[in-house]
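**Student:** Quick one, final-v3.tsv (TSV, C-alpha atoms):
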```
chain	number	residue	atom	x	y	z
A	544	MET	CA	8.35	109.03	-202.10
A	545	ASN	CA	12.09	108.47	-201.66
A	546	LYS	CA	14.22	111.62	-201.76
A	547	LEU	CA	17.92	112.12	-202.50
A	548	THR	CA	19.46	115.05	-200.63
A	549	CYS	CA	23.03	116.39	-200.61
A	550	ILE	CA	23.92	117.44	-197.07
A	551	GLU	CA	27.65	118.19	-197.49
A	552	ASN	CA	29.89	119.07	-200.43
A	553	TYR	CA	33.43	120.53	-200.40
A	554	ILE	CA	36.89	120.30	-202.01
A	555	GLU	CA	39.80	119.32	-199.77
A	556	LYS	CA	43.33	120.76	-199.82
A	557	ASP	CA	44.70	117.90	-201.94
A	558	GLN	CA	42.00	118.52	-204.60
A	559	ASN	CA	39.94	115.55	-203.41
A	560	HIS	CA	36.22	116.26	-203.68
A	561	PHE	CA	33.94	115.06	-200.84
A	562	GLY	CA	30.18	114.74	-200.88
A	563	SER	CA	27.63	113.32	-198.45
A	564	PHE	CA	24.11	112.28	-199.49
A	565	ILE	CA	20.98	110.95	-197.77
A	566	ILE	CA	18.36	108.72	-199.38
A	567	GLU	CA	15.15	108.33	-197.37
A	568	PRO	CA	12.68	106.98	-196.46
A	569	LEU	CA	13.47	103.38	-197.39
A	570	GLU	CA	11.76	100.19	-196.29
A	571	VAL	CA	13.56	98.21	-193.60
A	572	GLY	CA	16.21	96.09	-195.36
A	573	GLN	CA	16.40	98.23	-198.50
A	574	GLY	CA	19.21	100.41	-197.13
A	575	ILE	CA	21.91	97.74	-197.21
A	576	THR	CA	20.70	96.49	-200.61
A	577	LEU	CA	20.85	99.91	-202.23
A	578	GLY	CA	23.96	101.05	-200.35
A	579	ASN	CA	26.02	97.98	-201.24
A	580	ALA	CA	24.90	98.03	-204.89
A	581	LEU	CA	25.73	101.74	-205.27
A	582	ARG	CA	29.09	101.38	-203.53
A	583	ARG	CA	30.25	98.52	-205.75
A	584	THR	CA	28.96	100.20	-208.91
A	585	ILE	CA	30.51	103.61	-208.20
A	586	LEU	CA	33.89	102.05	-207.32
A	587	SER	CA	34.13	99.67	-210.28
A	588	ASP	CA	32.03	100.93	-213.20
A	589	LEU	CA	32.95	104.62	-213.57
A	590	THR	CA	35.51	105.55	-216.23
A	591	GLY	CA	38.54	107.80	-216.05
A	592	TYR	CA	41.84	108.65	-217.74
A	593	ALA	CA	45.30	107.40	-216.77
A	594	ILE	CA	48.81	107.08	-218.19
A	595	SER	CA	49.56	103.68	-219.74
A	596	GLY	CA	52.96	104.30	-221.37
A	597	VAL	CA	55.86	106.74	-221.07
A	598	ARG	CA	58.82	107.66	-223.30
A	599	ILE	CA	61.68	109.53	-221.61
A	600	ASN	CA	64.67	110.71	-223.67
A	601	ASN	CA	64.53	107.49	-225.75
A	602	LEU	CA	65.43	105.34	-222.75
A	603	LYS	CA	64.96	101.60	-223.27
A	604	HIS	CA	63.89	100.65	-219.74
A	605	GLU	CA	63.09	102.13	-216.31
A	606	PHE	CA	66.49	101.25	-214.85
A	607	SER	CA	68.37	103.66	-217.12
A	608	VAL	CA	69.97	106.83	-215.76
A	609	ILE	CA	69.61	110.42	-216.96
A	610	GLU	CA	72.52	112.67	-216.03
A	611	GLY	CA	71.46	115.83	-214.23
A	612	LEU	CA	68.19	114.34	-212.98
A	613	ARG	CA	67.88	114.15	-209.18
A	614	GLU	CA	65.38	111.26	-209.20
A	615	ASP	CA	65.79	107.87	-210.81
A	616	ILE	CA	63.35	106.81	-213.54
A	617	VAL	CA	61.28	104.62	-211.21
A	618	GLU	CA	60.54	107.64	-209.00
A	619	VAL	CA	59.58	109.69	-212.04
A	620	LEU	CA	57.15	106.97	-213.14
A	621	LEU	CA	55.57	106.84	-209.69
A	622	ASN	CA	55.10	110.61	-209.74
A	623	LEU	CA	53.53	110.45	-213.20
A	624	LYS	CA	50.97	107.91	-211.94
A	625	GLU	CA	49.68	110.55	-209.50
A	626	ILE	CA	48.53	112.88	-212.30
A	627	ASN	CA	44.73	113.17	-212.51
A	628	PHE	CA	43.21	113.97	-215.91
A	629	LYS	CA	39.78	115.52	-216.38
A	630	SER	CA	37.84	115.24	-219.62
A	631	LEU	CA	36.64	118.52	-221.12
A	632	LYS	CA	34.46	116.81	-223.71
A	633	THR	CA	32.61	113.53	-224.05
A	634	LEU	CA	34.85	111.67	-226.49
A	635	LYS	CA	33.53	108.14	-226.89
A	636	LYS	CA	31.99	105.39	-224.84
A	637	ILE	CA	34.13	102.90	-222.97
A	638	ASP	CA	33.42	100.26	-225.66
A	639	THR	CA	36.05	101.92	-227.88
A	640	PRO	CA	39.10	102.82	-225.77
A	641	ILE	CA	40.56	106.27	-226.31
A	642	LYS	CA	44.32	106.84	-226.43
A	643	LEU	CA	45.77	110.34	-226.44
A	644	LYS	CA	49.30	111.69	-226.21
A	645	ALA	CA	50.86	114.55	-224.26
A	646	PHE	CA	54.46	115.74	-223.93
A	647	LEU	CA	56.84	118.16	-222.27
A	648	ASN	CA	60.26	119.32	-223.42
A	649	VAL	CA	62.19	121.41	-220.88
A	650	LYS	CA	65.74	122.42	-220.06
A	651	GLY	CA	67.23	122.74	-216.57
A	652	PRO	CA	67.91	123.72	-213.97
A	653	LEU	CA	64.19	123.39	-213.29
A	654	ILE	CA	61.55	121.79	-211.09
A	655	VAL	CA	59.24	119.84	-213.40
A	656	THR	CA	55.52	119.65	-212.54
A	657	ALA	CA	52.47	118.13	-214.22
A	658	GLY	CA	51.23	121.52	-215.41
A	659	MET	CA	54.12	121.72	-217.90
A	660	PHE	CA	52.64	119.00	-220.12
A	661	HIS	CA	51.18	120.02	-223.46
A	662	LEU	CA	47.81	118.25	-223.61
A	663	PRO	CA	45.48	117.69	-226.58
A	664	LYS	CA	43.69	121.00	-227.07
A	665	ASN	CA	40.16	121.25	-225.60
A	666	LEU	CA	40.08	117.57	-224.71
A	667	LEU	CA	41.82	117.08	-221.36
A	668	SER	CA	43.01	119.10	-218.40
A	669	ILE	CA	45.12	118.25	-215.35
A	670	VAL	CA	43.41	118.68	-211.99
A	671	ASN	CA	46.58	118.55	-209.87
A	672	SER	CA	48.81	120.70	-212.08
A	673	ASN	CA	51.25	121.22	-209.17
A	674	GLN	CA	51.98	117.48	-208.96
A	675	TYR	CA	55.75	117.09	-208.65
A	676	ILE	CA	57.49	115.07	-211.39
A	677	CYS	CA	61.25	115.57	-210.98
A	678	THR	CA	64.07	118.12	-210.65
A	679	ILE	CA	66.74	118.88	-213.28
A	680	LEU	CA	69.94	119.97	-211.51
A	681	ASP	CA	71.98	121.22	-214.48
A	682	SER	CA	71.38	122.42	-218.05
A	683	SER	CA	70.32	118.98	-219.29
A	684	GLU	CA	67.25	118.61	-221.47
A	685	LEU	CA	64.31	116.39	-220.56
A	686	PHE	CA	61.72	115.07	-223.00
A	687	ILE	CA	58.74	113.09	-221.72
A	688	GLU	CA	55.89	111.82	-223.89
A	689	ILE	CA	52.96	109.99	-222.28
A	690	ASP	CA	50.15	107.82	-223.60
A	691	ILE	CA	46.83	108.66	-221.93
A	692	GLU	CA	44.11	106.03	-222.09
A	693	LYS	CA	40.45	105.96	-221.10
A	694	GLY	CA	39.21	102.96	-219.14
A	695	LYS	CA	37.78	101.73	-215.88
A	696	GLY	CA	39.19	99.85	-212.93
A	697	TYR	CA	42.87	99.00	-212.80
A	698	LYS	CA	45.12	97.76	-215.61
A	699	LEU	CA	48.45	96.06	-214.93
A	700	ILE	CA	51.70	96.64	-216.80
A	701	GLU	CA	51.42	93.26	-218.51
A	702	GLU	CA	48.04	94.15	-220.01
A	703	ASN	CA	49.30	97.47	-221.39
A	704	ARG	CA	52.38	95.78	-222.84
A	705	ARG	CA	50.36	92.97	-224.41
A	706	GLU	CA	47.93	95.40	-226.07
A	707	LYS	CA	50.82	97.44	-227.46
A	708	ILE	CA	52.55	94.36	-228.88
A	709	GLU	CA	49.33	93.11	-230.53
A	710	LYS	CA	48.69	96.47	-232.20
A	711	THR	CA	52.28	96.85	-233.45
A	712	ARG	CA	52.80	93.25	-234.48
A	713	ASN	CA	52.80	94.10	-238.18
A	714	HIS	CA	54.39	97.52	-237.73
A	715	PHE	CA	57.51	99.03	-236.30
A	716	LYS	CA	57.70	98.27	-232.59
A	717	ASP	CA	58.45	101.24	-230.34
A	718	SER	CA	60.91	99.70	-227.88
A	719	SER	CA	61.43	102.99	-226.03
A	720	THR	CA	57.97	102.92	-224.40
A	721	ILE	CA	58.02	102.19	-220.67
A	722	PHE	CA	54.69	100.75	-219.51
A	723	ILE	CA	53.17	101.47	-216.10
A	724	ASP	CA	50.11	100.35	-214.14
A	725	SER	CA	47.05	102.41	-215.04
A	726	ILE	CA	44.59	103.51	-212.34
A	727	PHE	CA	41.44	104.70	-214.12
A	728	MET	CA	39.19	104.83	-211.05
A	729	PRO	CA	38.20	108.46	-210.28
A	730	ILE	CA	36.73	107.41	-206.92
A	731	LYS	CA	38.89	107.38	-203.80
A	732	SER	CA	36.35	105.87	-201.40
A	733	VAL	CA	32.64	105.20	-200.93
A	734	ASN	CA	31.14	104.52	-197.49
A	735	TYR	CA	27.55	104.17	-196.38
A	736	LYS	CA	25.68	104.14	-193.08
A	737	ILE	CA	22.13	103.08	-192.29
A	738	LYS	CA	19.96	104.33	-189.45
A	739	LEU	CA	16.34	103.80	-188.44
A	740	ILE	CA	13.92	106.73	-188.72
A	741	HIS	CA	10.16	107.30	-188.44
A	742	ASP	CA	8.04	108.67	-191.23
A	743	SER	CA	5.19	111.15	-190.75
A	744	TYR	CA	2.84	108.30	-189.85
A	745	GLY	CA	5.13	106.86	-187.20
A	746	ASN	CA	6.21	103.85	-189.28
A	747	ILE	CA	9.78	102.61	-188.95
A	748	LYS	CA	11.85	103.32	-192.06
A	749	GLU	CA	15.55	103.43	-192.99
A	750	SER	CA	17.81	106.33	-193.95
A	751	LEU	CA	20.85	105.65	-196.17
A	752	ASN	CA	23.82	108.01	-195.81
A	753	LEU	CA	26.39	107.82	-198.65
A	754	GLU	CA	29.84	109.45	-198.36
A	755	ILE	CA	31.78	109.72	-201.64
A	756	ARG	CA	35.34	111.00	-202.08
A	757	THR	CA	36.74	111.51	-205.61
A	758	ASN	CA	40.14	112.56	-206.97
A	759	GLY	CA	38.71	115.82	-208.33
A	760	THR	CA	38.17	114.69	-211.93
A	761	ILE	CA	34.48	114.10	-211.21
A	762	THR	CA	32.14	115.54	-208.59
A	763	PRO	CA	30.56	113.23	-205.97
A	764	LYS	CA	27.11	114.26	-207.23
A	765	ARG	CA	28.02	113.28	-210.79
A	766	SER	CA	29.53	109.98	-209.65
A	767	LEU	CA	26.35	109.12	-207.73
A	768	TYR	CA	24.28	109.98	-210.80
A	769	GLU	CA	26.47	107.74	-212.99
A	770	GLY	CA	26.22	104.91	-210.45
A	771	LEU	CA	22.42	105.13	-210.38
A	772	LYS	CA	22.33	105.24	-214.18
A	773	CYS	CA	24.46	102.07	-214.41
A	774	LEU	CA	22.08	100.21	-212.10
A	775	ILE	CA	19.00	101.46	-213.98
A	776	ASP	CA	20.49	100.40	-217.33
A	777	LEU	CA	21.37	96.98	-215.91
A	778	PHE	CA	17.90	96.22	-214.57
A	779	SER	CA	16.00	97.84	-217.44
A	780	SER	CA	17.89	95.67	-219.96
A	781	LEU	CA	16.66	92.59	-218.08
A	782	PHE	CA	13.11	93.92	-217.71
A	783	ILE	CA	12.60	94.59	-221.42
A	784	ASN	CA	13.80	91.13	-222.39
A	785	GLU	CA	10.44	90.09	-223.88
A	786	ASN	CA	11.64	86.65	-225.00
A	787	PHE	CA	12.60	85.71	-221.44
A	788	PHE	CA	9.32	86.82	-219.87
A	789	SER	CA	7.16	85.30	-222.61
A	790	LEU	CA	8.98	81.98	-222.15
A	791	PHE	CA	8.57	82.28	-218.37
A	792	GLU	CA	4.82	82.94	-218.70
A	793	LYS	CA	4.36	79.97	-221.03
A	794	LYS	CA	6.08	77.63	-218.56
A	795	LEU	CA	3.93	79.04	-215.74
A	796	ILE	CA	0.70	78.41	-217.72
A	797	ILE	CA	1.78	74.84	-218.51
A	798	LYS	CA	2.46	74.13	-214.81
A	799	LYS	CA	-0.95	75.53	-213.82
A	800	ARG	CA	-2.68	73.29	-216.39
A	801	LYS	CA	-0.87	70.24	-215.05
A	802	ILE	CA	-1.97	71.07	-211.50
A	803	LEU	CA	-5.58	71.52	-212.57
```
Let's see the structure in the file written out as structure tokens.
**Tutor:**
Amino acid sequence: MNKLTCIENYIEKDQNHFGSFIIEPLEVGQGITLGNALRRTILSDLTGYAISGVRINNLKHEFSVIEGLREDIVEVLLNLKEINFKSLKTLKKIDTPIKLKAFLNVKGPLIVTAGMFHLPKNLLSIVNSNQYICTILDSSELFIEIDIEKGKGYKLIEENRREKIEKTRNHFKDSSTIFIDSIFMPIKSVNYKIKLIHDSYGNIKESLNLEIRTNGTITPKRSLYEGLKCLIDLFSSLFINENFFSLFEKKLIIKKRKIL
């Protein structure tokens, strides 16, 4: 009987969550198969939330200037990309993308951080609320509204812009939205190691050690569970395909008859 054991679990200073797991005993050769499949699935198939569009004081593009702001707009956008959102409720599946909005409206002089955003109530929270955004040097006002989208993987600026244009083709086009690359992946890294062990009968087996590091929006244990669930759903959907197996069995019977 294979067992999954968590041997290490802690949160780092930068809110990254680390977990180490061992799966054993496995047959020789199964470690790399399972480890590689889990690594690729956990890195690419888990969903998360990220900013896809930003509106700042009705600016038309990222090369504009706001008086009284120490950073330029490009720096502000880069800082906004570092915000990590955590879902408080299960909204919808990835098949129907979710888009939410959040905003802040402050007056200087002030150091602006991610925790100042007003998020949709009881839906999202910010893990790294101390994430630096910008500094207002005088009494100027700053208004930032962000579009938060649910997805997986990585989405380029061009994709976000194209989706916005398609949806607003027959409506008023909001030209003040500045689009940014969206990083939905909640996983920072996944590594695995394989070593040979002996079972209670002295047989040579393999032990798979998985090390998972997340951005704090999901625990390593949960990410491993989601990865296993994705693989189970993938293979079970193939296994229950009755039409495929019935066709395969018919062809096999015909071949046997020809041989006989």
**Student:** In terms of the shortest atom-to-atom distance over all atoms listed in the file, which of A:Met728, A:Leu771, A:Ile700, A:Leu777 is closest to A:Ser587?
**Tutor:**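 Ranking A:Met728, A:Leu771, A:Ile700, A:Leu777 by distance to A:Ser587, first place goes to A:Met728.
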**Student:** Just want the 9 Å neighbourhood of A:Pro652, counted on only C-alpha atoms, with same-chain residues fewer than 5 positions away dropped. Output as a ChimeraX atom specification.
**Tutor:** /A:611,678-683
**Student:** Could you state the separation of atom CA of A:Glu754 and atom CA of A:Gly562 in Å, given to one decimal place?
**Tutor:**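 One can read the atom CA of A:Glu754 to atom CA of A:Gly562 distance as 5.9 Å.
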**Student:** As an exercise, work out the distance from atom CA of A:Ala657 to atom CA of A:Ser719 in Å and give it to one decimal place.
**Tutor:**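 So the answer is 21.2 Å.
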**Student:** One decimal, in Å: what's the spacing between atom CA of A:Asn671 and atom CA of A:Lys695?
**Tutor:**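 Atom CA of A:Lys695 lies 19.9 Å from atom CA of A:Asn671.
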**Student:** From the options A:Val597, A:Val649, A:Ile554, A:Leu631, which residue's atoms come nearest to A:Lys664, counting only C-alpha atoms?
**Tutor:**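 The answer is A:Leu631, which sits nearest to A:Lys664.
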**Student:** Name the residues in contact with A:Thr548 at a cut-off of 9 Å, using only C-alpha atoms, excluding same-chain residues fewer than 4 positions from it; report them as a list of chain:residue names.
**Tutor:**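 That gives A:Ser563, A:Phe564, A:Ile565, A:Ile566, A:Glu567.
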**Student:** I want to know what sits within 12 Å of A:Ser766, based on only C-alpha atoms, with residues of the same chain fewer than 6 positions away left out; could you give that as a ChimeraX atom specification?
**Tutor:** /A:560-564,581-582,584-591,728-733,753-760,772-773
**Student:** Ranking A:Asn648, A:Ser779, A:Asn673, A:Asn734 by minimum distance to A:Asn600 and counting all atoms listed in the file, which one comes first?
**Tutor:**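 Ranking A:Asn648, A:Ser779, A:Asn673, A:Asn734 by distance to A:Asn600, first place goes to A:Asn648.
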**Student:** Select, from A:Tyr744, A:Tyr592, A:Phe646, A:Phe722, the residue with the minimum atom-to-atom distance to A:Leu666, counting only C-alpha atoms.
**Tutor:**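 With only C-alpha atoms as the atom set, the closest residue is A:Tyr592.
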**Student:** When you look at stretch 613-626 of chain A with a cut-off of 8 Å (counting all atoms listed in the file), what residues show up, excluding the ones that are within fewer than 2 positions of it in the same chain? I need them as number ranges by chain.
**Tutor:** A: 593-594, 605-609, 611, 628, 657, 669-672, 674-680, 723-726
**Student:** Using only C-alpha atoms for the distances, tell me which of A:Leu643, A:Ile721, A:Cys549, A:Met544 is nearest to A:Asn752.
**Tutor:**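 Checking each candidate against A:Asn752, we get A:Cys549 as the closest.
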**Student:** Using all atoms listed in the file, find the one residue out of A:Ser630, A:Asn545, A:Gln558, A:Ser595 that sits nearest to A:Glu701.
**Tutor:** A:Ser595
